[in-house]
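The structure file protein_25.cif is reproduced below (mmCIF, C-alpha atoms).
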```cif
data_start
#
loop_
_atom_site.label_atom_id
_atom_site.label_comp_id
_atom_site.auth_asym_id
_atom_site.auth_seq_id
_atom_site.Cartn_x
_atom_site.Cartn_y
_atom_site.Cartn_z
CA MET A 1 -48.39 -68.99 -34.87
CA SER A 2 -46.99 -72.16 -33.27
CA ILE A 3 -43.28 -71.48 -33.72
CA LYS A 4 -41.15 -72.36 -30.73
CA PRO A 5 -37.92 -70.52 -29.84
CA PHE A 6 -34.82 -72.13 -31.33
CA LYS A 7 -32.88 -74.34 -28.89
CA ASN A 8 -29.60 -73.24 -30.42
CA LYS A 9 -29.37 -69.53 -31.13
CA ILE A 10 -29.42 -68.40 -34.76
CA TRP A 11 -26.52 -65.97 -35.01
CA LEU A 12 -26.07 -62.93 -37.22
CA ALA A 13 -22.71 -64.34 -38.39
CA SER A 14 -20.34 -66.68 -36.59
CA PRO A 15 -17.19 -68.67 -37.45
CA THR A 16 -17.61 -71.87 -39.46
CA MET A 17 -14.74 -74.32 -38.99
CA HIS A 18 -13.98 -77.24 -41.32
CA GLY A 19 -11.04 -79.15 -39.82
CA ASP A 20 -8.36 -77.87 -42.20
CA GLU A 21 -7.73 -75.05 -39.73
CA GLN A 22 -6.81 -77.50 -36.96
CA GLU A 23 -4.35 -79.31 -39.24
CA CYS A 24 -2.52 -76.05 -40.06
CA VAL A 25 -2.46 -74.99 -36.39
CA LYS A 26 -1.15 -78.43 -35.40
CA GLU A 27 1.60 -78.07 -38.00
CA ALA A 28 2.66 -74.82 -36.32
CA PHE A 29 2.74 -76.56 -32.92
CA ASP A 30 4.57 -79.59 -34.25
CA THR A 31 7.27 -77.46 -35.88
CA ASN A 32 7.35 -75.02 -32.92
CA TRP A 33 6.65 -72.00 -35.16
CA VAL A 34 4.05 -70.40 -32.88
CA SER A 35 5.12 -66.74 -32.87
CA THR A 36 5.08 -64.08 -35.60
CA VAL A 37 7.01 -65.97 -38.28
CA GLY A 38 6.33 -69.27 -40.02
CA LYS A 39 4.87 -71.15 -42.96
CA ASN A 40 1.25 -70.37 -42.11
CA LEU A 41 1.90 -66.63 -42.23
CA GLU A 42 3.77 -66.87 -45.51
CA GLN A 43 1.10 -69.06 -47.12
CA LEU A 44 -1.84 -66.99 -45.83
CA GLU A 45 -0.29 -63.79 -47.20
CA ARG A 46 0.54 -65.39 -50.53
CA GLY A 47 -2.85 -67.13 -50.75
CA ILE A 48 -4.82 -63.93 -50.13
CA CYS A 49 -2.69 -61.97 -52.60
CA ASP A 50 -3.15 -64.62 -55.28
CA TYR A 51 -6.90 -64.66 -54.65
CA VAL A 52 -7.51 -60.90 -54.77
CA GLY A 53 -4.79 -60.10 -57.29
CA CYS A 54 -2.32 -57.87 -55.49
CA ALA A 55 1.44 -58.08 -55.01
CA HIS A 56 1.89 -57.81 -51.25
CA GLY A 57 -0.05 -58.66 -48.10
CA VAL A 58 0.96 -58.06 -44.48
CA ALA A 59 -0.96 -60.20 -41.98
CA LEU A 60 -1.73 -58.29 -38.79
CA SER A 61 -3.49 -58.67 -35.45
CA ALA A 62 -6.67 -56.91 -36.63
CA GLY A 63 -8.21 -55.12 -39.57
CA THR A 64 -8.01 -51.99 -37.42
CA ALA A 65 -4.23 -52.43 -37.16
CA ALA A 66 -4.08 -52.67 -40.96
CA LEU A 67 -6.11 -49.46 -41.30
CA HIS A 68 -3.84 -47.72 -38.81
CA LEU A 69 -0.72 -48.66 -40.77
CA ALA A 70 -2.42 -47.57 -44.02
CA VAL A 71 -3.11 -44.17 -42.42
CA LYS A 72 0.55 -43.94 -41.37
CA LEU A 73 1.69 -44.92 -44.87
CA ALA A 74 -0.53 -42.11 -46.20
CA GLU A 75 1.55 -39.79 -43.96
CA ILE A 76 -1.41 -38.40 -42.05
CA LYS A 77 -0.24 -35.93 -39.42
CA ARG A 78 -1.88 -33.71 -36.80
CA GLY A 79 -4.71 -31.67 -38.35
CA ASP A 80 -4.68 -33.38 -41.77
CA LYS A 81 -8.13 -33.93 -43.27
CA VAL A 82 -9.22 -37.46 -44.20
CA MET A 83 -12.54 -38.06 -46.00
CA CYS A 84 -14.22 -41.12 -44.45
CA SER A 85 -17.31 -43.23 -45.07
CA ASP A 86 -19.99 -42.09 -42.64
CA LEU A 87 -22.16 -45.23 -42.60
CA THR A 88 -19.66 -47.75 -41.25
CA PHE A 89 -18.20 -49.29 -38.11
CA ALA A 90 -16.02 -47.01 -35.96
CA ALA A 91 -12.91 -49.09 -36.79
CA THR A 92 -12.94 -47.56 -40.29
CA VAL A 93 -12.37 -44.05 -38.96
CA ASN A 94 -10.72 -44.37 -35.54
CA PRO A 95 -7.18 -44.87 -36.95
CA VAL A 96 -7.29 -41.31 -38.31
CA SER A 97 -7.52 -40.14 -34.70
CA TYR A 98 -4.57 -42.37 -33.73
CA GLU A 99 -2.43 -40.14 -35.98
CA GLN A 100 -4.26 -36.97 -34.85
CA GLY A 101 -5.84 -36.39 -38.22
CA VAL A 102 -9.37 -35.00 -38.64
CA GLN A 103 -12.20 -37.03 -40.18
CA VAL A 104 -14.63 -35.41 -42.61
CA PHE A 105 -17.64 -37.73 -42.93
CA ILE A 106 -19.11 -38.36 -46.38
CA ASP A 107 -22.78 -39.32 -46.73
CA SER A 108 -24.00 -42.51 -48.42
CA GLU A 109 -25.82 -42.97 -51.72
CA GLN A 110 -28.95 -45.09 -52.16
CA GLU A 111 -27.50 -47.40 -54.85
CA THR A 112 -25.11 -49.30 -52.53
CA TRP A 113 -25.41 -47.48 -49.16
CA ASN A 114 -21.71 -46.63 -49.52
CA MET A 115 -19.78 -43.36 -49.85
CA ASP A 116 -21.49 -41.06 -52.35
CA PRO A 117 -19.00 -39.83 -55.00
CA LYS A 118 -21.09 -36.67 -55.50
CA ALA A 119 -20.81 -35.89 -51.80
CA LEU A 120 -17.09 -36.71 -51.95
CA GLU A 121 -16.56 -34.21 -54.77
CA ARG A 122 -18.38 -31.52 -52.77
CA ALA A 123 -16.09 -32.34 -49.84
CA PHE A 124 -12.97 -32.01 -52.01
CA GLN A 125 -14.20 -28.62 -53.24
CA LYS A 126 -14.50 -27.52 -49.63
CA TYR A 127 -11.24 -29.16 -48.50
CA PRO A 128 -8.99 -29.39 -51.60
CA ASP A 129 -5.90 -30.13 -49.49
CA THR A 130 -7.35 -33.40 -48.14
CA LYS A 131 -4.58 -35.99 -47.72
CA ALA A 132 -6.55 -39.27 -47.94
CA VAL A 133 -9.93 -40.94 -48.45
CA ILE A 134 -11.08 -44.05 -46.56
CA ALA A 135 -14.08 -45.69 -48.20
CA ALA A 136 -15.70 -48.86 -46.83
CA ASN A 137 -17.56 -51.56 -48.77
CA LEU A 138 -20.54 -51.84 -46.45
CA TYR A 139 -21.78 -55.34 -45.57
CA GLY A 140 -19.73 -56.82 -48.42
CA THR A 141 -21.19 -54.58 -51.16
CA PRO A 142 -18.65 -52.72 -53.33
CA ALA A 143 -18.85 -48.94 -53.31
CA GLN A 144 -18.68 -46.92 -56.53
CA LEU A 145 -14.95 -47.58 -56.53
CA SER A 146 -14.04 -46.24 -59.99
CA GLU A 147 -15.60 -42.86 -59.24
CA ILE A 148 -13.95 -42.63 -55.82
CA GLN A 149 -10.62 -43.73 -57.28
CA GLU A 150 -10.83 -41.07 -60.01
CA LEU A 151 -11.67 -38.28 -57.53
CA CYS A 152 -8.67 -39.27 -55.42
CA ARG A 153 -6.45 -39.05 -58.50
CA LYS A 154 -7.95 -35.68 -59.47
CA TYR A 155 -7.33 -34.13 -56.05
CA GLY A 156 -4.08 -35.94 -55.22
CA ALA A 157 -5.41 -37.86 -52.21
CA VAL A 158 -4.34 -41.35 -51.14
CA PHE A 159 -7.19 -43.84 -51.50
CA ILE A 160 -7.50 -46.41 -48.68
CA GLU A 161 -10.09 -49.06 -49.50
CA ASP A 162 -11.66 -50.56 -46.37
CA ALA A 163 -12.58 -54.00 -47.68
CA ALA A 164 -12.84 -55.42 -44.15
CA GLU A 165 -16.34 -56.72 -44.87
CA SER A 166 -16.00 -57.45 -48.61
CA LEU A 167 -13.33 -60.13 -49.12
CA GLY A 168 -14.47 -62.11 -52.17
CA ALA A 169 -16.65 -59.32 -53.57
CA VAL A 170 -16.06 -58.24 -57.17
CA TYR A 171 -16.34 -54.80 -58.81
CA LYS A 172 -16.24 -54.66 -62.62
CA GLY A 173 -14.52 -58.05 -62.72
CA ARG A 174 -11.88 -57.17 -60.12
CA GLN A 175 -11.66 -58.18 -56.47
CA THR A 176 -12.29 -55.51 -53.84
CA GLY A 177 -9.34 -54.57 -51.67
CA THR A 178 -7.24 -53.79 -54.76
CA PHE A 179 -8.60 -50.38 -55.81
CA GLY A 180 -6.83 -48.21 -53.28
CA THR A 181 -3.17 -47.46 -52.85
CA TYR A 182 -3.77 -49.55 -49.74
CA GLY A 183 -6.51 -52.09 -49.12
CA VAL A 184 -7.56 -53.58 -45.82
CA ILE A 185 -9.40 -56.82 -45.03
CA SER A 186 -10.58 -58.26 -41.73
CA PHE A 187 -10.50 -61.81 -40.38
CA ASN A 188 -12.63 -61.06 -37.32
CA GLY A 189 -14.74 -63.95 -36.03
CA ASN A 190 -17.90 -62.83 -37.83
CA LYS A 191 -16.31 -62.20 -41.24
CA ILE A 192 -16.61 -64.41 -44.31
CA ILE A 193 -13.40 -66.21 -43.27
CA THR A 194 -11.67 -65.80 -39.93
CA THR A 195 -8.40 -66.19 -38.07
CA SER A 196 -10.41 -65.66 -34.83
CA GLY A 197 -9.13 -62.09 -34.90
CA GLY A 198 -6.82 -60.50 -37.45
CA GLY A 199 -6.57 -58.59 -40.67
CA MET A 200 -4.32 -57.85 -43.61
CA LEU A 201 -2.90 -54.81 -45.37
CA LEU A 202 -2.87 -55.16 -49.16
CA THR A 203 -0.73 -53.13 -51.56
CA ASP A 204 1.18 -53.36 -54.83
CA ASN A 205 3.95 -51.23 -53.31
CA GLY A 206 6.70 -53.52 -51.99
CA GLU A 207 8.44 -50.71 -50.11
CA ALA A 208 5.20 -49.80 -48.31
CA ALA A 209 4.57 -53.46 -47.42
CA ASN A 210 8.06 -53.77 -45.93
CA LYS A 211 7.53 -50.57 -43.95
CA ALA A 212 4.23 -51.84 -42.57
CA ARG A 213 5.83 -55.15 -41.60
CA PHE A 214 8.66 -53.23 -39.88
CA TRP A 215 6.23 -51.03 -37.91
CA SER A 216 4.14 -54.06 -36.97
CA THR A 217 7.09 -55.71 -35.21
CA GLN A 218 7.94 -52.77 -32.92
CA ALA A 219 10.09 -51.00 -35.57
CA ARG A 220 13.15 -52.88 -34.41
CA GLU A 221 16.25 -52.01 -36.43
CA ASN A 222 18.22 -54.79 -38.12
CA VAL A 223 21.13 -54.88 -35.65
CA PRO A 224 22.08 -57.49 -33.00
CA TRP A 225 20.88 -55.33 -30.11
CA TYR A 226 17.43 -53.80 -29.62
CA GLN A 227 17.50 -50.44 -31.37
CA HIS A 228 14.58 -48.24 -32.40
CA LYS A 229 14.57 -45.06 -34.47
CA GLU A 230 10.79 -44.99 -35.01
CA LEU A 231 7.64 -45.71 -33.06
CA GLY A 232 6.54 -49.29 -33.63
CA TYR A 233 3.57 -51.48 -32.74
CA ASN A 234 2.89 -55.06 -31.70
CA TYR A 235 0.60 -55.65 -34.68
CA ARG A 236 1.97 -58.76 -36.42
CA MET A 237 -0.30 -61.79 -36.71
CA SER A 238 0.93 -65.00 -35.07
CA ASN A 239 1.69 -68.14 -37.07
CA ILE A 240 -0.96 -69.93 -34.98
CA LEU A 241 -3.77 -67.58 -36.04
CA ALA A 242 -2.47 -67.58 -39.61
CA GLY A 243 -2.95 -71.36 -39.55
CA ILE A 244 -6.67 -70.86 -38.90
CA GLY A 245 -6.81 -68.41 -41.80
CA ARG A 246 -4.84 -70.70 -44.09
CA GLY A 247 -7.38 -73.46 -43.47
CA GLN A 248 -10.32 -71.07 -43.85
CA LEU A 249 -9.06 -69.71 -47.17
CA ARG A 250 -9.64 -73.12 -48.74
CA HIS A 251 -13.37 -72.62 -48.06
CA LEU A 252 -13.78 -68.94 -49.02
CA GLU A 253 -15.67 -69.63 -52.24
CA GLU A 254 -17.92 -72.13 -50.44
CA HIS A 255 -18.71 -69.50 -47.79
CA ARG A 256 -19.39 -66.85 -50.43
CA ILE A 257 -21.83 -69.13 -52.29
CA ARG A 258 -23.72 -69.92 -49.06
CA LYS A 259 -23.97 -66.21 -48.20
CA LYS A 260 -25.49 -65.50 -51.62
CA GLU A 261 -28.00 -68.34 -51.20
CA ILE A 262 -29.10 -66.81 -47.89
CA TYR A 263 -29.50 -63.36 -49.47
CA ASP A 264 -31.42 -64.75 -52.46
CA ARG A 265 -33.79 -66.73 -50.20
CA TYR A 266 -34.60 -63.63 -48.15
CA GLN A 267 -35.16 -61.63 -51.32
CA ARG A 268 -37.52 -64.21 -52.83
CA SER A 269 -39.46 -64.94 -49.66
CA LEU A 270 -39.87 -61.35 -48.43
CA ARG A 271 -41.12 -60.07 -51.78
CA GLY A 272 -44.46 -58.34 -51.37
CA LEU A 273 -43.67 -56.91 -47.95
CA PRO A 274 -43.05 -53.14 -47.61
CA LEU A 275 -39.26 -53.50 -47.63
CA THR A 276 -36.24 -53.92 -49.90
CA MET A 277 -32.94 -55.79 -49.51
CA ASN A 278 -29.57 -54.03 -49.28
CA PRO A 279 -28.89 -52.98 -52.90
CA PHE A 280 -25.89 -53.43 -55.19
CA LEU A 281 -24.84 -52.28 -58.65
CA GLU A 282 -25.51 -54.65 -61.57
CA TYR A 283 -21.84 -54.77 -62.56
CA THR A 284 -20.77 -55.89 -59.07
CA GLU A 285 -20.94 -59.16 -57.19
CA PRO A 286 -21.07 -58.60 -53.41
CA ASN A 287 -19.87 -61.30 -51.04
CA PHE A 288 -23.29 -60.93 -49.31
CA TRP A 289 -21.58 -60.96 -45.88
CA LEU A 290 -24.76 -59.64 -44.25
CA SER A 291 -28.27 -59.64 -45.67
CA CYS A 292 -30.14 -56.48 -44.66
CA ILE A 293 -33.59 -54.99 -45.14
CA LEU A 294 -34.76 -51.40 -45.52
CA LEU A 295 -38.38 -50.81 -44.52
CA ASP A 296 -40.44 -48.64 -46.84
CA GLU A 297 -41.02 -45.07 -45.70
CA GLY A 298 -44.25 -44.85 -43.69
CA THR A 299 -44.38 -48.54 -42.75
CA LYS A 300 -45.90 -48.89 -39.29
CA VAL A 301 -43.58 -51.73 -38.29
CA THR A 302 -40.16 -50.60 -37.06
CA PRO A 303 -36.75 -52.36 -37.30
CA HIS A 304 -36.68 -52.39 -33.50
CA GLU A 305 -39.96 -54.33 -33.35
CA ILE A 306 -38.70 -56.93 -35.83
CA ARG A 307 -35.42 -57.28 -33.93
CA GLU A 308 -37.23 -57.72 -30.61
CA LYS A 309 -39.57 -60.32 -32.12
CA LEU A 310 -36.64 -62.33 -33.48
CA GLU A 311 -34.79 -62.04 -30.16
CA LYS A 312 -37.71 -63.72 -28.36
CA TYR A 313 -37.14 -66.75 -30.58
CA HIS A 314 -33.34 -66.77 -30.00
CA VAL A 315 -32.56 -65.20 -33.37
CA GLU A 316 -29.94 -62.47 -33.59
CA ALA A 317 -30.57 -59.44 -35.78
CA ARG A 318 -28.73 -56.14 -35.47
CA PRO A 319 -29.32 -52.47 -36.29
CA ILE A 320 -27.53 -50.94 -39.26
CA TRP A 321 -24.29 -49.21 -38.26
CA LYS A 322 -25.07 -45.89 -36.63
CA PRO A 323 -23.49 -43.19 -38.86
CA MET A 324 -20.27 -41.70 -37.57
CA HIS A 325 -21.47 -38.09 -37.62
CA LEU A 326 -24.20 -39.12 -35.14
CA GLN A 327 -21.71 -40.67 -32.70
CA PRO A 328 -21.01 -38.50 -29.63
CA ILE A 329 -17.25 -38.81 -30.14
CA TYR A 330 -17.47 -37.36 -33.68
CA GLU A 331 -20.50 -35.07 -33.51
CA LYS A 332 -18.32 -31.96 -34.01
CA ASN A 333 -16.69 -33.27 -37.20
CA ASP A 334 -17.89 -31.99 -40.56
CA PHE A 335 -20.46 -34.07 -42.44
CA ILE A 336 -21.02 -33.56 -46.16
CA SER A 337 -23.86 -34.93 -48.30
CA ALA A 338 -24.51 -34.72 -52.04
CA VAL A 339 -27.35 -32.24 -51.45
CA GLU A 340 -27.27 -29.68 -48.68
CA GLY A 341 -29.43 -30.82 -45.77
CA ALA A 342 -29.76 -34.42 -46.95
CA ASP A 343 -28.75 -37.35 -44.71
CA VAL A 344 -29.03 -40.67 -46.53
CA GLY A 345 -27.03 -42.63 -43.94
CA LYS A 346 -29.24 -41.48 -41.08
CA ASP A 347 -32.31 -42.60 -43.00
CA ILE A 348 -30.82 -46.06 -43.70
CA PHE A 349 -29.92 -46.38 -40.02
CA ARG A 350 -33.49 -45.42 -39.04
CA ARG A 351 -35.25 -47.86 -41.41
CA GLY A 352 -32.71 -50.67 -41.79
CA LEU A 353 -31.95 -53.97 -40.07
CA CYS A 354 -29.26 -56.66 -40.49
CA LEU A 355 -30.77 -60.14 -40.67
CA PRO A 356 -29.14 -63.41 -39.53
CA SER A 357 -26.71 -64.42 -42.27
CA ASP A 358 -24.84 -67.26 -40.59
CA ILE A 359 -23.84 -69.92 -43.13
CA LYS A 360 -24.51 -72.68 -40.57
CA MET A 361 -28.19 -71.65 -40.57
CA THR A 362 -30.11 -74.34 -42.45
CA GLU A 363 -32.68 -73.63 -45.16
CA GLU A 364 -35.41 -74.79 -42.77
CA GLU A 365 -34.16 -72.49 -40.01
CA GLN A 366 -34.04 -69.55 -42.39
CA GLU A 367 -37.61 -70.25 -43.50
CA ILE A 368 -38.71 -70.03 -39.85
CA VAL A 369 -36.83 -66.73 -39.48
CA ILE A 370 -38.64 -65.49 -42.60
CA GLU A 371 -42.03 -66.51 -41.16
CA LEU A 372 -41.21 -64.62 -37.97
CA ILE A 373 -40.39 -61.50 -39.99
CA LYS A 374 -43.61 -61.84 -41.99
CA SER A 375 -45.63 -62.18 -38.78
CA CYS A 376 -44.53 -58.67 -37.77
CA PHE A 377 -46.61 -57.26 -40.65
#
```

Please go through the file and, once you have read it, give me the structure as structure tokens.
Amino acid sequence: MSIKPFKNKIWLASPTMHGDEQECVKEAFDTNWVSTVGKNLEQLERGICDYVGCAHGVALSAGTAALHLAVKLAEIKRGDKVMCSDLTFAATVNPVSYEQGVQVFIDSEQETWNMDPKALERAFQKYPDTKAVIAANLYGTPAQLSEIQELCRKYGAVFIEDAAESLGAVYKGRQTGTFGTYGVISFNGNKIITTSGGGMLLTDNGEAANKARFWSTQARENVPWYQHKELGYNYRMSNILAGIGRGQLRHLEEHRIRKKEIYDRYQRSLRGLPLTMNPFLEYTEPNFWLSCILLDEGTKVTPHEIREKLEKYHVEARPIWKPMHLQPIYEKNDFISAVEGADVGKDIFRRGLCLPSDIKMTEEEQEIVIELIKSCF
């Protein structure tokens, strides 16, 4: 095969700037609102809330910061159990440790690769006093949110929806990030829109939003001198970074459409190979943040071999998230699956691979990536 390595690397996912971002940032400079207050912050928060359909948004320095404040709002204390998605990035679960809670990891289901409601119910039966559930929408695909929501109601647990990867995804006609008592989105550089780094806490509870905003600015009391009754954090997003996000938000639908085109092209072109694409439920519309493949059981080719082949041609692919219960830091935590002894997440990690899903990748470039994948078989 006479394919030459790409001159410019094909990334998994990288920021795509349009020019609007620079205008909003310049406005912040020109008006000298460069710190943690200003028009960009107000408009980004309002714009995101209007888009997803929630009452309040608090723009923060990272999605992880938003998750941490959601855990605090759920009143997690030392020793409290929190049910967490197992197949996810560590940022989903680490904030539980910040508050000295204890994660119980819930296995995935095959239909979306997300938290399995059957496994979650088994976990609640074992730990009925669980304080909260944190469920992630993996790679932009909505979890079975209604079922998870209902189990949280049944057992009196606070539902925190980690929509860090799924901004723009829809579940039963409703935007993700709005199903939990608290929702969290990320604006990291590789997400569907970015502020370079940043995130947002979403909630319909105005009191909770005000509390999160208070904590995020060092919990400074409203008096002329510096007075603190509570532990606070330096978590507020700057007006500069919010300007990037404000400009990016104008292009969110455009980005989402391009991501879907990339997914659909992979699905069409890889048909016939011993693999499937990352699945989703028919009544959902993912944002297709990352396109992934799952090799059929028994296929001689491995994800590692495909990744190494692509790397030789300057194409970035990445393993599926390694499940949390397999991470050395969490190997002693409880792990619960729908069926005793099963481990769906481990199997997806073993057979899966994230493919380049960068919206700056041209159709021609993607076709070359596809030919490289096919050549592995």

- Give as a PyMOL selection string every residue, naming chains and numbers as the document does, that has an atom within 7 Å of (-4.6, -57.9, -49.8), counting all atoms listed in the file. chain A and resi 48-49+52+54+56-57+177-178+183-185+200-203

Dump of C-alpha atoms for the selected residues, as a tab-separated table (two decimals), in the frame of the given file:
```
chain	number	residue	atom	x	y	z
A	48	ILE	CA	-4.82	-63.93	-50.13
A	49	CYS	CA	-2.69	-61.97	-52.60
A	52	VAL	CA	-7.51	-60.90	-54.77
A	54	CYS	CA	-2.32	-57.87	-55.49
A	56	HIS	CA	1.89	-57.81	-51.25
A	57	GLY	CA	-0.05	-58.66	-48.10
A	177	GLY	CA	-9.34	-54.57	-51.67
A	178	THR	CA	-7.24	-53.79	-54.76
A	183	GLY	CA	-6.51	-52.09	-49.12
A	184	VAL	CA	-7.56	-53.58	-45.82
A	185	ILE	CA	-9.40	-56.82	-45.03
A	200	MET	CA	-4.32	-57.85	-43.61
A	201	LEU	CA	-2.90	-54.81	-45.37
A	202	LEU	CA	-2.87	-55.16	-49.16
A	203	THR	CA	-0.73	-53.13	-51.56
```

Report the residues retrieved by the PyMOL selection byres ((chain A and resi 199) around 10) from the displayed file, expressed as a PDB file with C-alpha atoms, keeping the file's coordinate frame.
```pdb
ATOM      1  CA  GLY A  57      -0.050 -58.660 -48.100  1.00  0.00           C
ATOM      2  CA  VAL A  58       0.960 -58.060 -44.480  1.00  0.00           C
ATOM      3  CA  ALA A  59      -0.960 -60.200 -41.980  1.00  0.00           C
ATOM      4  CA  LEU A  60      -1.730 -58.290 -38.790  1.00  0.00           C
ATOM      5  CA  SER A  61      -3.490 -58.670 -35.450  1.00  0.00           C
ATOM      6  CA  ALA A  62      -6.670 -56.910 -36.630  1.00  0.00           C
ATOM      7  CA  GLY A  63      -8.210 -55.120 -39.570  1.00  0.00           C
ATOM      8  CA  THR A  64      -8.010 -51.990 -37.420  1.00  0.00           C
ATOM      9  CA  ALA A  65      -4.230 -52.430 -37.160  1.00  0.00           C
ATOM     10  CA  ALA A  66      -4.080 -52.670 -40.960  1.00  0.00           C
ATOM     11  CA  LEU A  67      -6.110 -49.460 -41.300  1.00  0.00           C
ATOM     12  CA  ALA A 164     -12.840 -55.420 -44.150  1.00  0.00           C
ATOM     13  CA  VAL A 184      -7.560 -53.580 -45.820  1.00  0.00           C
ATOM     14  CA  ILE A 185      -9.400 -56.820 -45.030  1.00  0.00           C
ATOM     15  CA  SER A 186     -10.580 -58.260 -41.730  1.00  0.00           C
ATOM     16  CA  PHE A 187     -10.500 -61.810 -40.380  1.00  0.00           C
ATOM     17  CA  ASN A 188     -12.630 -61.060 -37.320  1.00  0.00           C
ATOM     18  CA  THR A 194     -11.670 -65.800 -39.930  1.00  0.00           C
ATOM     19  CA  THR A 195      -8.400 -66.190 -38.070  1.00  0.00           C
ATOM     20  CA  SER A 196     -10.410 -65.660 -34.830  1.00  0.00           C
ATOM     21  CA  GLY A 197      -9.130 -62.090 -34.900  1.00  0.00           C
ATOM     22  CA  GLY A 198      -6.820 -60.500 -37.450  1.00  0.00           C
ATOM     23  CA  MET A 200      -4.320 -57.850 -43.610  1.00  0.00           C
ATOM     24  CA  LEU A 201      -2.900 -54.810 -45.370  1.00  0.00           C
ATOM     25  CA  LEU A 202      -2.870 -55.160 -49.160  1.00  0.00           C
ATOM     26  CA  TYR A 235       0.600 -55.650 -34.680  1.00  0.00           C
ATOM     27  CA  ARG A 236       1.970 -58.760 -36.420  1.00  0.00           C
ATOM     28  CA  MET A 237      -0.300 -61.790 -36.710  1.00  0.00           C
ATOM     29  CA  ALA A 242      -2.470 -67.580 -39.610  1.00  0.00           C
ATOM     30  CA  GLY A 245      -6.810 -68.410 -41.800  1.00  0.00           C
TER      31      GLY A 245
END
```

- Task: Would you mind listing what lies within 12 Å of Asp347 (chain A) as a ChimeraX atom specification, with all atoms listed in the file counted and same-chain residues fewer than 3 positions away left out?
- Result: /A:87,107-110,113,294-297,320-323,326,342-344,350-353

- Message: What does the structure give for the distance between CA of Glu99 (chain A) and CA of Arg78 (chain A), in Å to one decimal?
- Response: 6.5 Å

- Run the PyMOL selection byres ((chain A and resi 358) around 8) against the file shown and list the residues it catches, as a PyMOL selection string. chain A and resi 10-14+259+356-357+359-361

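The gap separating CA of Gly189 (chain A) from CA of Phe214 (chain A) is 26.0 Å, in Å to one decimal.
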
- Message: Could you check the closest approach to Val301 (chain A) for each of A:Arg250, A:Met324, A:Ile3, A:Lys374 and tell me which residue wins, using only C-alpha atoms?
- Response: A:Lys374

- Query: Could you work out how far CA of Val315 (chain A) lies from CA of Asp20 (chain A), giving the answer in Å with one decimal?
  - Reply: 28.7 Å

- Item | Residue with smallest distance to Ala208 (chain A) - pool A:Glu21, A:Glu365, A:Glu75, A:Glu316, counting all atoms listed in the file | A:Glu75

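When the PyMOL selection byres ((chain A and resi 118) around 9) is run on the displayed coordinates, the residues it returns are A:Glu109, A:Met115, A:Asp116, A:Pro117, A:Ala119, A:Leu120, A:Glu121, A:Arg122, A:Ala123, A:Ser337, A:Ala338, A:Val339.
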